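Text of the file work02.cif, holding mmCIF, C-alpha atoms:
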```
data_query
loop_
_atom_site.label_atom_id
_atom_site.label_comp_id
_atom_site.auth_asym_id
_atom_site.auth_seq_id
_atom_site.Cartn_x
_atom_site.Cartn_y
_atom_site.Cartn_z
CA MET A 172 26.52 67.39 21.33
CA LYS A 173 30.16 66.48 20.75
CA VAL A 174 32.00 63.45 22.13
CA LEU A 175 35.69 62.61 21.97
CA LEU A 176 36.94 59.05 21.74
CA ILE A 177 40.62 58.28 22.28
CA GLY A 178 41.62 54.93 20.88
CA GLY A 179 41.06 53.52 17.42
CA ASP A 180 40.49 49.80 17.83
CA LYS A 181 37.22 47.90 17.35
CA THR A 182 35.77 48.98 20.70
CA CYS A 183 36.36 52.57 19.67
CA TYR A 184 34.82 52.03 16.23
CA TYR A 185 31.62 50.42 17.52
CA LEU A 186 31.23 52.97 20.33
CA ALA A 187 31.70 55.85 17.89
CA ARG A 188 29.19 54.30 15.50
CA ARG A 189 26.66 54.03 18.31
CA PHE A 190 27.06 57.66 19.37
CA ILE A 191 26.89 58.89 15.78
CA ALA A 192 23.68 56.90 15.25
CA LYS A 193 22.21 58.67 18.26
CA GLY A 194 22.99 62.05 16.75
CA TYR A 195 26.26 62.96 18.48
CA HIS A 196 29.21 64.51 16.69
CA ALA A 197 32.19 62.21 17.23
CA VAL A 198 35.86 63.10 17.19
CA ILE A 199 38.40 60.27 17.38
CA ILE A 200 42.08 60.59 18.30
CA THR A 201 44.25 57.67 17.20
CA ARG A 202 48.00 57.23 17.04
CA ASP A 203 47.85 54.78 14.14
CA ALA A 204 47.66 56.35 10.66
CA GLU A 205 46.22 53.25 8.98
CA GLN A 206 43.59 52.86 11.70
CA GLY A 207 42.78 56.54 11.31
CA ARG A 208 42.21 56.17 7.56
CA GLN A 209 39.89 53.19 8.11
CA LEU A 210 37.88 55.03 10.77
CA ALA A 211 37.55 58.15 8.62
CA ARG A 212 36.35 56.05 5.69
CA ARG A 213 33.77 54.07 7.68
CA LEU A 214 32.42 56.72 10.05
CA GLN A 215 30.99 60.23 9.82
CA ALA A 216 33.58 61.35 12.34
CA VAL A 217 36.49 63.76 12.55
CA VAL A 218 39.69 61.74 12.98
CA VAL A 219 42.79 63.36 14.49
CA LEU A 220 46.15 61.59 14.31
CA GLY A 221 48.28 61.84 17.42
CA ASP A 222 48.78 61.06 21.09
CA GLY A 223 45.51 61.54 22.96
CA THR A 224 47.42 62.04 26.21
CA ASP A 225 49.18 65.13 24.82
CA PRO A 226 47.40 68.37 25.81
CA GLN A 227 48.21 69.97 22.45
CA ILE A 228 46.56 67.15 20.47
CA LEU A 229 43.53 67.20 22.77
CA ASP A 230 43.21 70.93 22.19
CA GLU A 231 43.50 70.53 18.40
CA ALA A 232 40.80 67.86 18.50
CA GLY A 233 38.44 70.38 20.09
CA VAL A 234 38.26 68.76 23.51
CA ARG A 235 37.00 72.02 25.05
CA GLN A 236 33.66 71.66 23.26
CA CYS A 237 33.15 68.01 24.19
CA ALA A 238 30.52 66.86 26.68
CA ILE A 239 32.19 63.49 27.19
CA VAL A 240 35.70 62.15 26.73
CA MET A 241 36.13 58.38 26.47
CA ALA A 242 39.64 56.97 26.88
CA LEU A 243 39.87 53.50 25.30
CA LEU A 244 43.63 52.99 25.00
CA PRO A 245 45.32 49.65 25.75
CA HIS A 246 47.16 50.94 28.84
CA ASP A 247 45.44 52.05 32.03
CA HIS A 248 47.98 54.81 32.70
CA ASP A 249 47.30 56.41 29.30
CA ASN A 250 43.55 56.37 29.91
CA LEU A 251 44.00 57.95 33.34
CA VAL A 252 46.14 60.82 32.03
CA ALA A 253 43.87 61.45 29.02
CA CYS A 254 40.84 61.76 31.33
CA GLN A 255 42.63 63.92 33.89
CA LEU A 256 43.93 66.34 31.24
CA ALA A 257 40.44 66.60 29.72
CA LYS A 258 38.90 67.32 33.11
CA GLU A 259 41.53 69.51 34.75
CA MET A 260 42.95 71.43 31.77
CA PHE A 261 39.95 71.61 29.47
CA ALA A 262 37.02 71.44 31.92
CA VAL A 263 35.28 68.51 30.23
CA PRO A 264 32.33 67.64 32.51
CA ARG A 265 32.35 63.84 32.09
CA THR A 266 35.25 61.48 31.52
CA VAL A 267 35.03 57.74 30.97
CA ALA A 268 38.03 55.42 31.11
CA LEU A 269 38.44 51.83 30.10
CA VAL A 270 40.57 50.03 32.68
CA HIS A 271 42.17 46.63 32.43
CA ASP A 272 43.14 46.00 36.04
CA PRO A 273 39.77 45.71 37.87
CA GLU A 274 41.35 47.28 40.97
CA ASN A 275 41.78 50.48 38.99
CA VAL A 276 38.01 51.06 38.91
CA ASP A 277 38.23 52.45 42.45
CA VAL A 278 41.66 54.01 41.96
CA PHE A 279 40.46 56.00 38.92
CA ARG A 280 37.37 57.26 40.74
CA GLN A 281 39.52 58.51 43.58
CA LEU A 282 41.71 60.27 41.03
CA GLY A 283 38.78 62.16 39.52
CA VAL A 284 37.67 60.08 36.52
CA SER A 285 33.83 60.17 36.31
CA VAL A 286 33.37 56.55 35.24
CA ALA A 287 35.91 53.72 35.04
CA VAL A 288 34.86 50.46 33.38
CA SER A 289 36.74 47.20 33.71
CA VAL A 290 35.94 44.65 31.01
CA ALA A 291 37.56 41.85 33.03
CA GLY A 292 35.60 42.90 36.10
CA LEU A 293 32.27 43.04 34.24
CA LEU A 294 32.82 39.72 32.45
CA GLY A 295 33.87 38.05 35.68
CA GLN A 296 30.74 39.30 37.41
CA VAL A 297 28.45 38.08 34.63
CA ILE A 298 30.12 34.66 34.58
CA GLU A 299 29.95 34.30 38.36
CA GLU A 300 26.26 35.19 38.32
CA GLN A 301 25.65 32.60 35.62
CA ILE A 302 27.42 29.95 37.66
CA GLY A 303 25.42 31.02 40.70
CA TYR A 304 22.20 30.30 38.80
CA GLU A 305 23.19 26.79 37.84
CA GLU A 306 20.73 24.52 39.58
CA ILE A 307 23.05 21.57 40.05
CA ILE A 308 26.79 21.91 40.53
CA ASN A 309 28.91 18.80 40.83
CA LEU A 310 31.47 19.62 43.49
CA ALA A 311 33.37 16.35 43.82
CA GLU A 312 33.49 12.67 42.94
CA LEU A 313 34.92 10.49 45.69
CA ALA A 314 36.00 6.84 46.02
CA HIS A 315 36.33 6.32 42.28
CA GLY A 316 32.88 7.71 41.58
CA GLN A 317 31.03 5.67 44.20
CA LEU A 318 30.17 8.87 46.00
CA SER A 319 29.38 12.28 44.57
CA ILE A 320 28.90 15.63 46.27
CA ASN A 321 26.60 18.13 44.59
CA GLU A 322 25.25 21.54 45.38
CA ILE A 323 21.67 22.15 44.23
CA SER A 324 19.42 25.18 44.56
CA LEU A 325 15.71 24.90 45.31
CA LEU A 326 14.05 27.19 42.80
CA ASN A 327 10.39 28.18 42.84
CA GLY A 328 8.13 25.17 42.39
CA ALA A 329 10.53 22.50 43.64
CA PRO A 330 8.49 19.81 45.48
CA ALA A 331 10.78 19.81 48.55
CA ILE A 332 10.02 23.43 49.40
CA GLY A 333 8.06 23.73 52.64
CA GLN A 334 8.72 20.12 53.67
CA TYR A 335 10.42 18.91 56.81
CA LEU A 336 13.47 16.80 56.13
CA ARG A 337 12.03 13.84 58.07
CA ASP A 338 9.04 13.78 55.71
CA LEU A 339 11.08 13.67 52.51
CA ARG A 340 11.10 10.23 50.89
CA LEU A 341 14.79 10.23 50.13
CA PRO A 342 16.34 6.89 49.18
CA ASP A 343 18.65 5.14 51.66
CA GLN A 344 22.31 5.74 50.95
CA SER A 345 21.83 9.46 50.39
CA LEU A 346 22.26 12.50 52.59
CA ILE A 347 21.52 16.22 52.74
CA ALA A 348 24.75 17.21 54.46
CA ALA A 349 24.22 20.94 54.72
CA VAL A 350 21.76 23.71 53.89
CA ILE A 351 22.99 27.14 52.86
CA ARG A 352 20.33 29.77 53.41
CA ASP A 353 21.04 33.49 52.80
CA ASN A 354 24.77 32.74 52.88
CA ARG A 355 24.48 31.03 56.27
CA ALA A 356 25.31 27.35 56.59
CA LEU A 357 23.08 25.02 58.64
CA ILE A 358 23.60 21.37 59.48
CA PRO A 359 20.08 20.09 58.90
CA ARG A 360 18.06 17.81 61.16
CA GLY A 361 14.73 16.08 60.79
CA ASP A 362 12.88 19.23 61.91
CA THR A 363 14.61 21.46 59.33
CA ARG A 364 12.07 22.84 56.89
CA LEU A 365 13.31 23.59 53.38
CA GLN A 366 12.72 27.00 51.82
CA VAL A 367 12.83 28.47 48.36
CA ASN A 368 16.39 29.47 47.29
CA ASP A 369 17.99 27.11 49.80
CA HIS A 370 21.23 25.61 48.53
CA LEU A 371 21.64 21.98 49.57
CA LEU A 372 24.85 20.03 49.79
CA LEU A 373 24.00 16.49 48.73
CA VAL A 374 25.95 13.27 49.15
CA THR A 375 24.70 10.61 46.75
CA ARG A 376 25.68 7.31 45.16
CA PRO A 377 25.30 6.69 41.43
CA ASP A 378 22.30 4.38 41.96
CA THR A 379 20.42 6.90 44.12
CA HIS A 380 21.53 10.17 42.53
CA SER A 381 18.66 10.76 40.09
CA GLU A 382 16.03 9.64 42.59
CA VAL A 383 17.35 12.18 45.15
CA LEU A 384 17.19 14.96 42.57
CA ARG A 385 13.65 13.92 41.56
CA VAL A 386 12.40 14.02 45.18
CA LEU A 387 13.94 17.43 45.84
CA MET A 388 13.62 19.23 42.54
CA GLY A 389 10.87 17.40 40.67
CA ASP A 390 10.82 15.52 37.38
CA GLU A 391 12.45 18.27 35.33
CA ALA A 392 15.76 17.99 37.18
CA MET B 27 73.96 62.70 61.15
CA THR B 28 71.27 62.22 58.53
CA THR B 29 68.05 60.35 59.20
CA THR B 30 67.43 57.14 57.29
CA ARG B 31 64.50 57.52 54.93
CA TYR B 32 62.38 54.89 53.24
CA VAL B 33 62.41 55.61 49.49
CA ILE B 34 60.58 53.73 46.73
CA VAL B 35 62.02 54.26 43.24
CA VAL B 36 59.88 53.18 40.30
CA GLY B 37 61.69 52.46 37.05
CA CYS B 38 65.16 50.98 36.81
CA GLY B 39 66.43 52.78 33.71
CA ARG B 40 69.51 54.99 33.80
CA LEU B 41 67.90 57.60 36.07
CA GLY B 42 66.13 55.19 38.41
CA ALA B 43 69.19 52.98 38.82
CA LEU B 44 71.44 55.96 39.51
CA LEU B 45 69.03 57.44 42.06
CA ALA B 46 68.47 54.13 43.83
CA THR B 47 72.19 53.41 44.01
CA ARG B 48 73.11 56.84 45.38
CA LEU B 49 70.31 56.77 47.93
CA SER B 50 71.37 53.32 49.02
CA GLN B 51 75.02 54.40 49.29
CA ALA B 52 73.88 57.34 51.45
CA GLY B 53 72.40 54.83 53.89
CA HIS B 54 68.72 55.18 53.03
CA SER B 55 66.38 52.26 52.86
CA VAL B 56 65.52 51.77 49.17
CA VAL B 57 63.10 49.61 47.20
CA ILE B 58 63.37 49.73 43.40
CA ILE B 59 60.52 48.46 41.22
CA ASP B 60 60.66 47.55 37.53
CA TYR B 61 58.82 44.84 35.58
CA ASN B 62 61.95 44.14 33.54
CA GLU B 63 64.17 41.64 35.32
CA ALA B 64 67.19 42.39 33.11
CA LYS B 65 67.18 46.02 34.19
CA LEU B 66 67.08 45.12 37.88
CA ALA B 67 69.97 42.72 37.33
CA LYS B 68 72.10 45.59 36.00
CA LEU B 69 72.12 47.44 39.33
CA PRO B 70 75.65 47.75 40.69
CA ALA B 71 76.92 45.48 43.47
CA ASP B 72 76.93 48.29 46.03
CA PHE B 73 73.17 48.72 45.74
CA SER B 74 72.03 47.20 49.02
CA GLY B 75 68.30 47.90 48.68
CA TYR B 76 65.46 45.60 47.75
CA ARG B 77 64.43 44.80 44.14
CA MET B 78 60.83 44.12 43.09
CA GLN B 79 60.06 42.79 39.64
CA GLN B 80 56.48 43.99 39.16
CA ASP B 81 54.20 46.46 37.40
CA ALA B 82 54.05 49.56 39.59
CA THR B 83 50.84 50.87 37.98
CA GLU B 84 48.97 48.08 39.79
CA ALA B 85 48.08 49.47 43.21
CA GLU B 86 48.82 46.02 44.64
CA THR B 87 52.51 46.46 43.81
CA LEU B 88 52.84 49.64 45.89
CA ARG B 89 50.89 47.95 48.68
CA GLN B 90 53.40 45.09 48.69
CA ALA B 91 56.22 47.64 48.70
CA LYS B 92 54.64 49.07 51.90
CA ALA B 93 54.08 52.45 50.26
CA HIS B 94 52.02 53.63 53.26
CA ARG B 95 55.28 53.68 55.24
CA ALA B 96 57.39 55.37 52.56
CA ASP B 97 58.84 58.88 53.03
CA PHE B 98 59.41 59.33 49.29
CA VAL B 99 58.15 57.78 46.09
CA ILE B 100 60.09 58.71 42.96
CA ALA B 101 58.47 57.77 39.63
CA ALA B 102 61.34 57.67 37.15
CA THR B 103 60.34 55.35 34.32
CA ASN B 104 60.78 56.62 30.76
CA ASN B 105 56.99 56.89 30.33
CA ASP B 106 55.33 60.14 31.46
CA ASN B 107 51.89 58.63 31.95
CA VAL B 108 53.20 55.69 33.98
CA ASN B 109 55.05 58.15 36.23
CA LEU B 110 51.98 60.35 36.66
CA MET B 111 49.76 57.40 37.52
CA VAL B 112 52.23 55.85 39.98
CA ALA B 113 52.81 59.22 41.65
CA GLN B 114 49.10 59.83 42.13
CA ILE B 115 48.44 56.34 43.50
CA ALA B 116 51.27 56.94 45.98
CA LYS B 117 49.94 60.36 46.96
CA VAL B 118 46.18 59.78 47.03
CA ILE B 119 45.81 56.11 47.95
CA PHE B 120 48.87 55.61 50.17
CA ASN B 121 49.29 59.19 51.49
CA VAL B 122 53.03 59.26 50.82
CA PRO B 123 54.26 62.69 52.02
CA HIS B 124 56.75 63.37 49.20
CA VAL B 125 55.99 62.20 45.68
CA MET B 126 58.04 63.08 42.63
CA ALA B 127 57.57 62.24 38.97
CA ARG B 128 59.75 62.68 35.93
CA VAL B 129 57.68 64.11 33.07
CA PHE B 130 59.32 64.82 29.71
CA ASN B 131 56.46 66.71 28.07
CA PRO B 132 56.42 70.26 29.51
CA ALA B 133 52.76 70.63 28.50
CA ARG B 134 51.79 68.03 31.10
CA GLU B 135 53.85 69.58 33.88
CA ALA B 136 51.73 72.45 35.25
CA ILE B 137 48.50 70.54 35.68
CA TYR B 138 50.07 67.79 37.75
CA ARG B 139 51.95 70.27 39.90
CA GLU B 140 48.52 71.70 40.71
CA LEU B 141 47.39 68.21 41.71
CA GLY B 142 50.19 68.09 44.30
CA ILE B 143 52.85 66.07 42.48
CA ASP B 144 56.42 67.39 42.40
CA VAL B 145 57.06 67.23 38.68
CA ILE B 146 60.62 67.24 37.39
CA CYS B 147 60.70 68.05 33.69
CA PRO B 148 64.13 67.22 32.18
CA THR B 149 63.21 68.89 28.88
CA LYS B 150 62.50 72.18 30.61
CA LEU B 151 65.53 71.89 32.91
CA SER B 152 67.87 71.31 29.94
CA ALA B 153 66.31 74.18 28.00
CA ASP B 154 66.77 76.48 30.99
CA LEU B 155 70.43 75.51 31.31
CA PHE B 156 71.11 75.94 27.60
CA LEU B 157 69.38 79.33 27.60
CA GLU B 158 71.35 80.42 30.66
CA VAL B 159 74.59 79.81 28.75
CA VAL B 160 73.24 81.58 25.66
CA HIS B 161 72.15 84.61 27.70
CA ALA B 162 75.43 84.73 29.65
CA THR B 163 77.43 84.62 26.41
CA THR B 164 75.22 87.23 24.74
CA SER B 165 75.35 89.70 27.62
CA ALA B 166 79.11 89.27 28.02
CA ARG B 167 79.59 90.42 24.44
CA PRO B 168 80.59 94.10 24.22
#
```
Show me the file's structure as structure tokens.
Amino acid sequence: MKVLLIGGDKTCYYLARRFIAKGYHAVIITRDAEQGRQLARRLQAVVVLGDGTDPQILDEAGVRQCAIVMALLPHDHDNLVACQLAKEMFAVPRTVALVHDPENVDVFRQLGVSVAVSVAGLLGQVIEEQIGYEEIINLAELAHGQLSINEISLLNGAPAIGQYLRDLRLPDQSLIAAVIRDNRALIPRGDTRLQVNDHLLLVTRPDTHSEVLRVLMGDEA
Amino acid sequence: MTTTRYVIVVGCGRLGALLATRLSQAGHSVVIIDYNEAKLAKLPADFSGYRMQQDATEAETLRQAKAHRADFVIAATNNDNVNLMVAQIAKVIFNVPHVMARVFNPAREAIYRELGIDVICPTKLSADLFLEVVHATTSARP
């Protein structure tokens, strides 16, 4: 099977290498002559010099025989046009575009591109998920550090799970100010029973902070 | 009496600036968008429309320009692919009734006309005019 990559930078090189290793025939269109020489030297690929958004160059590169076209250029508008020409003029079944503006993921789909991938969008998602999994997040330090507000999550095995708040042996001068459960916020009372995956908003003082965490999360916290 | 239209012009080069100025002089409501501040500053004093210094290939820009209320969007930057993208966002996402794009490369023209964009190809228009003169001169010869 034949794939066409339009680009020429490192992303293009590593993607092409991956497809070649899996047995695909790769054709690369790049505008940069030096980049083209490097790619031709390092890869078992056909390299075509020219503008990958020009129908004539696409035709010369054999786009009609390609199963997939991947547009990896630095500008979203170039990737859109490359994919649309491949699909509409040359009947390529699948087109993939790299987009920089995450909002263009939806825009490109509505304009007929099979798959649009936003690096910024993907990275942002991964980072947000990582932050979401942090067990303890320090939200604020107040009154010159005499008071701190933290968000903690009760993961499997935390000793506070299943306990009523009134039964927890929390030190004086500490407070569970709120419980966030399934994205809903509760103001807890003595008869609130803690559950796994609850997020708690804690108000602590430096002298009680670690004891509060130990009671709620166990010795590992 | 002509009706006042809301026109968004994208690209403030020679063509965009000229179009925006004439439309504004004719009493239409005009917004011109270009990411280059210096180009917007060059608009003549009798341009009474609104200037936006932003990247029109971001859908957010057209949203801020209230594209859903526009009668016309004219994509007139000097980059074919920018014009084609802006025109399609205007047509498909914001349902603008009349969308026009300047496209220099005649090879790109037909396909986008099929997709519902009014494509103006200056290269082809000039060629047609030149050829008209050539043919007129040739046929006039005895």
Within 8 Å of chain B: residues of chain A, using all atoms listed in the file, as an MDAnalysis selection string: chainID A and resid 225:227 248:249 251:252 256 259:260 272 274:275 278 281:282
Using C-alpha atoms, can you export the residues from the last selection as a PDB file, in the coordinates of the input?
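Printed below is part.pdb as written:
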```
ATOM      1  CA  ASP A 225      49.180  65.130  24.820  1.00  0.00           C
ATOM      2  CA  PRO A 226      47.400  68.370  25.810  1.00  0.00           C
ATOM      3  CA  GLN A 227      48.210  69.970  22.450  1.00  0.00           C
ATOM      4  CA  HIS A 248      47.980  54.810  32.700  1.00  0.00           C
ATOM      5  CA  ASP A 249      47.300  56.410  29.300  1.00  0.00           C
ATOM      6  CA  LEU A 251      44.000  57.950  33.340  1.00  0.00           C
ATOM      7  CA  VAL A 252      46.140  60.820  32.030  1.00  0.00           C
ATOM      8  CA  LEU A 256      43.930  66.340  31.240  1.00  0.00           C
ATOM      9  CA  GLU A 259      41.530  69.510  34.750  1.00  0.00           C
ATOM     10  CA  MET A 260      42.950  71.430  31.770  1.00  0.00           C
ATOM     11  CA  ASP A 272      43.140  46.000  36.040  1.00  0.00           C
ATOM     12  CA  GLU A 274      41.350  47.280  40.970  1.00  0.00           C
ATOM     13  CA  ASN A 275      41.780  50.480  38.990  1.00  0.00           C
ATOM     14  CA  VAL A 278      41.660  54.010  41.960  1.00  0.00           C
ATOM     15  CA  GLN A 281      39.520  58.510  43.580  1.00  0.00           C
ATOM     16  CA  LEU A 282      41.710  60.270  41.030  1.00  0.00           C
TER      17      LEU A 282
END
```
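You can rank B:Leu155, B:Val129, B:Leu44, B:Val36 by their closest distance to Phe98 (chain B) using only C-alpha atoms, and at the top of that list sits B:Val36.
Across the model, the gap from CA of Val217 (chain A) to CA of Arg265 (chain A) is 20.0 Å.
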Resolved residues for the PyMOL selection byres ((chain A and resi 190) around 12) as a VMD selection string: chain A and resid 172 to 176 183 to 189 191 to 199 214 to 216 239 241
Once you have the residues from the selection above, write them out as a tab-separated table (two decimals), in the coordinates of the input, restricted to C-alpha atoms.
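Writing done, so here's part36.tsv:
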```tsv
chain	number	residue	atom	x	y	z
A	172	MET	CA	26.52	67.39	21.33
A	173	LYS	CA	30.16	66.48	20.75
A	174	VAL	CA	32.00	63.45	22.13
A	175	LEU	CA	35.69	62.61	21.97
A	176	LEU	CA	36.94	59.05	21.74
A	183	CYS	CA	36.36	52.57	19.67
A	184	TYR	CA	34.82	52.03	16.23
A	185	TYR	CA	31.62	50.42	17.52
A	186	LEU	CA	31.23	52.97	20.33
A	187	ALA	CA	31.70	55.85	17.89
A	188	ARG	CA	29.19	54.30	15.50
A	189	ARG	CA	26.66	54.03	18.31
A	191	ILE	CA	26.89	58.89	15.78
A	192	ALA	CA	23.68	56.90	15.25
A	193	LYS	CA	22.21	58.67	18.26
A	194	GLY	CA	22.99	62.05	16.75
A	195	TYR	CA	26.26	62.96	18.48
A	196	HIS	CA	29.21	64.51	16.69
A	197	ALA	CA	32.19	62.21	17.23
A	198	VAL	CA	35.86	63.10	17.19
A	199	ILE	CA	38.40	60.27	17.38
A	214	LEU	CA	32.42	56.72	10.05
A	215	GLN	CA	30.99	60.23	9.82
A	216	ALA	CA	33.58	61.35	12.34
A	239	ILE	CA	32.19	63.49	27.19
A	241	MET	CA	36.13	58.38	26.47
```
Contacts of region 374-389 of chain A at 9 Å (all atoms listed in the file; same-chain gap of 5+ positions) as a list in words: Gly316, Gln317, Leu318, Ser319, Ile320, Asn321, Ile323, Ser324, Leu325, Leu326, Gly328, Ala329, Pro330, Ala331, Ile332, Leu339, Arg340, Leu341, Pro342, Asp343, Gln344, Ser345, Leu346, Ile347 and Ala348 of chain A
Long-range neighbours of Leu49 (chain B) as a ChimeraX atom specification, 10 Å cut-off, all atoms listed in the file, 3 positions minimum in chain: /B:30-33,35,43-46,52-56,73-75
Same residues, C-alpha atoms, saved as a CSV table (one decimal), in the frame of the given file:
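What ended up in again.csv:
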```
chain,number,residue,atom,x,y,z
B,30,THR,CA,67.4,57.1,57.3
B,31,ARG,CA,64.5,57.5,54.9
B,32,TYR,CA,62.4,54.9,53.2
B,33,VAL,CA,62.4,55.6,49.5
B,35,VAL,CA,62.0,54.3,43.2
B,43,ALA,CA,69.2,53.0,38.8
B,44,LEU,CA,71.4,56.0,39.5
B,45,LEU,CA,69.0,57.4,42.1
B,46,ALA,CA,68.5,54.1,43.8
B,52,ALA,CA,73.9,57.3,51.4
B,53,GLY,CA,72.4,54.8,53.9
B,54,HIS,CA,68.7,55.2,53.0
B,55,SER,CA,66.4,52.3,52.9
B,56,VAL,CA,65.5,51.8,49.2
B,73,PHE,CA,73.2,48.7,45.7
B,74,SER,CA,72.0,47.2,49.0
B,75,GLY,CA,68.3,47.9,48.7
```
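Between CA of Gly283 (chain A) and CA of Lys150 (chain B) the separation is 27.2 Å.
Computed from the coordinates, the CA of Val57 (chain B) to CA of Asp81 (chain B) distance equals 13.6 Å.
The result of the PyMOL selection byres ((chain B and resi 77) around 6) on the shown file is Val57, Ile58, Tyr76 and Met78 of chain B.
Residues matching the PyMOL selection byres ((chain B and resi 128) around 7) in this structure come to B:Ala101, B:Ala102, B:Asp106, B:Asn109, B:Met126, B:Ala127, B:Val129, B:Phe130, B:Val145, B:Ile146, B:Cys147.
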Using the atoms already present, construct all heavy atoms for region 331-337 of chain A and hand them back as an mmCIF file, keeping the file's coordinate frame.
```
data_model
loop_
_atom_site.group_PDB
_atom_site.id
_atom_site.type_symbol
_atom_site.label_atom_id
_atom_site.label_comp_id
_atom_site.auth_asym_id
_atom_site.auth_seq_id
_atom_site.Cartn_x
_atom_site.Cartn_y
_atom_site.Cartn_z
ATOM 1 N N ALA A 331 10.283 19.912 47.174
ATOM 2 C CA ALA A 331 10.780 19.810 48.550
ATOM 3 C C ALA A 331 10.533 21.078 49.354
ATOM 4 O O ALA A 331 10.659 21.066 50.581
ATOM 5 C CB ALA A 331 12.270 19.478 48.537
ATOM 6 N N ILE A 332 10.193 22.162 48.682
ATOM 7 C CA ILE A 332 10.020 23.430 49.400
ATOM 8 C C ILE A 332 8.859 23.322 50.381
ATOM 9 O O ILE A 332 7.776 22.826 50.038
ATOM 10 C CB ILE A 332 9.786 24.582 48.396
ATOM 11 C CG1 ILE A 332 11.090 24.853 47.625
ATOM 12 C CG2 ILE A 332 9.339 25.868 49.105
ATOM 13 C CD1 ILE A 332 10.928 25.742 46.436
ATOM 14 N N GLY A 333 9.102 23.758 51.606
ATOM 15 C CA GLY A 333 8.060 23.730 52.640
ATOM 16 C C GLY A 333 8.003 22.417 53.410
ATOM 17 O O GLY A 333 7.274 22.306 54.393
ATOM 18 N N GLN A 334 8.772 21.430 52.999
ATOM 19 C CA GLN A 334 8.720 20.120 53.670
ATOM 20 C C GLN A 334 9.782 20.021 54.767
ATOM 21 O O GLN A 334 10.835 20.634 54.678
ATOM 22 C CB GLN A 334 9.025 19.026 52.639
ATOM 23 C CG GLN A 334 8.024 18.984 51.523
ATOM 24 C CD GLN A 334 7.558 17.581 51.243
ATOM 25 O OE1 GLN A 334 7.242 16.838 52.195
ATOM 26 N NE2 GLN A 334 7.531 17.195 49.991
ATOM 27 N N TYR A 335 9.423 19.231 55.792
ATOM 28 C CA TYR A 335 10.420 18.910 56.810
ATOM 29 C C TYR A 335 11.293 17.790 56.258
ATOM 30 O O TYR A 335 10.796 16.904 55.543
ATOM 31 C CB TYR A 335 9.751 18.462 58.112
ATOM 32 C CG TYR A 335 9.036 19.594 58.800
ATOM 33 C CD1 TYR A 335 7.660 19.748 58.679
ATOM 34 C CD2 TYR A 335 9.760 20.512 59.568
ATOM 35 C CE1 TYR A 335 7.008 20.806 59.298
ATOM 36 C CE2 TYR A 335 9.106 21.563 60.186
ATOM 37 C CZ TYR A 335 7.733 21.714 60.056
ATOM 38 O OH TYR A 335 7.098 22.761 60.669
ATOM 39 N N LEU A 336 12.551 17.799 56.659
ATOM 40 C CA LEU A 336 13.470 16.800 56.130
ATOM 41 C C LEU A 336 13.008 15.385 56.439
ATOM 42 O O LEU A 336 13.108 14.481 55.610
ATOM 43 C CB LEU A 336 14.878 17.031 56.737
ATOM 44 C CG LEU A 336 15.994 17.298 55.751
ATOM 45 C CD1 LEU A 336 15.646 18.410 54.793
ATOM 46 C CD2 LEU A 336 17.287 17.623 56.475
ATOM 47 N N ARG A 337 12.443 15.192 57.672
ATOM 48 C CA ARG A 337 12.030 13.840 58.070
ATOM 49 C C ARG A 337 10.906 13.311 57.196
ATOM 50 O O ARG A 337 10.688 12.116 57.102
ATOM 51 C CB ARG A 337 11.621 13.813 59.550
ATOM 52 C CG ARG A 337 10.476 14.756 59.876
ATOM 53 C CD ARG A 337 9.920 14.520 61.275
ATOM 54 N NE ARG A 337 8.868 15.489 61.517
ATOM 55 C CZ ARG A 337 9.045 16.634 62.169
ATOM 56 N NH1 ARG A 337 10.219 16.918 62.705
ATOM 57 N NH2 ARG A 337 8.041 17.472 62.310
#
```
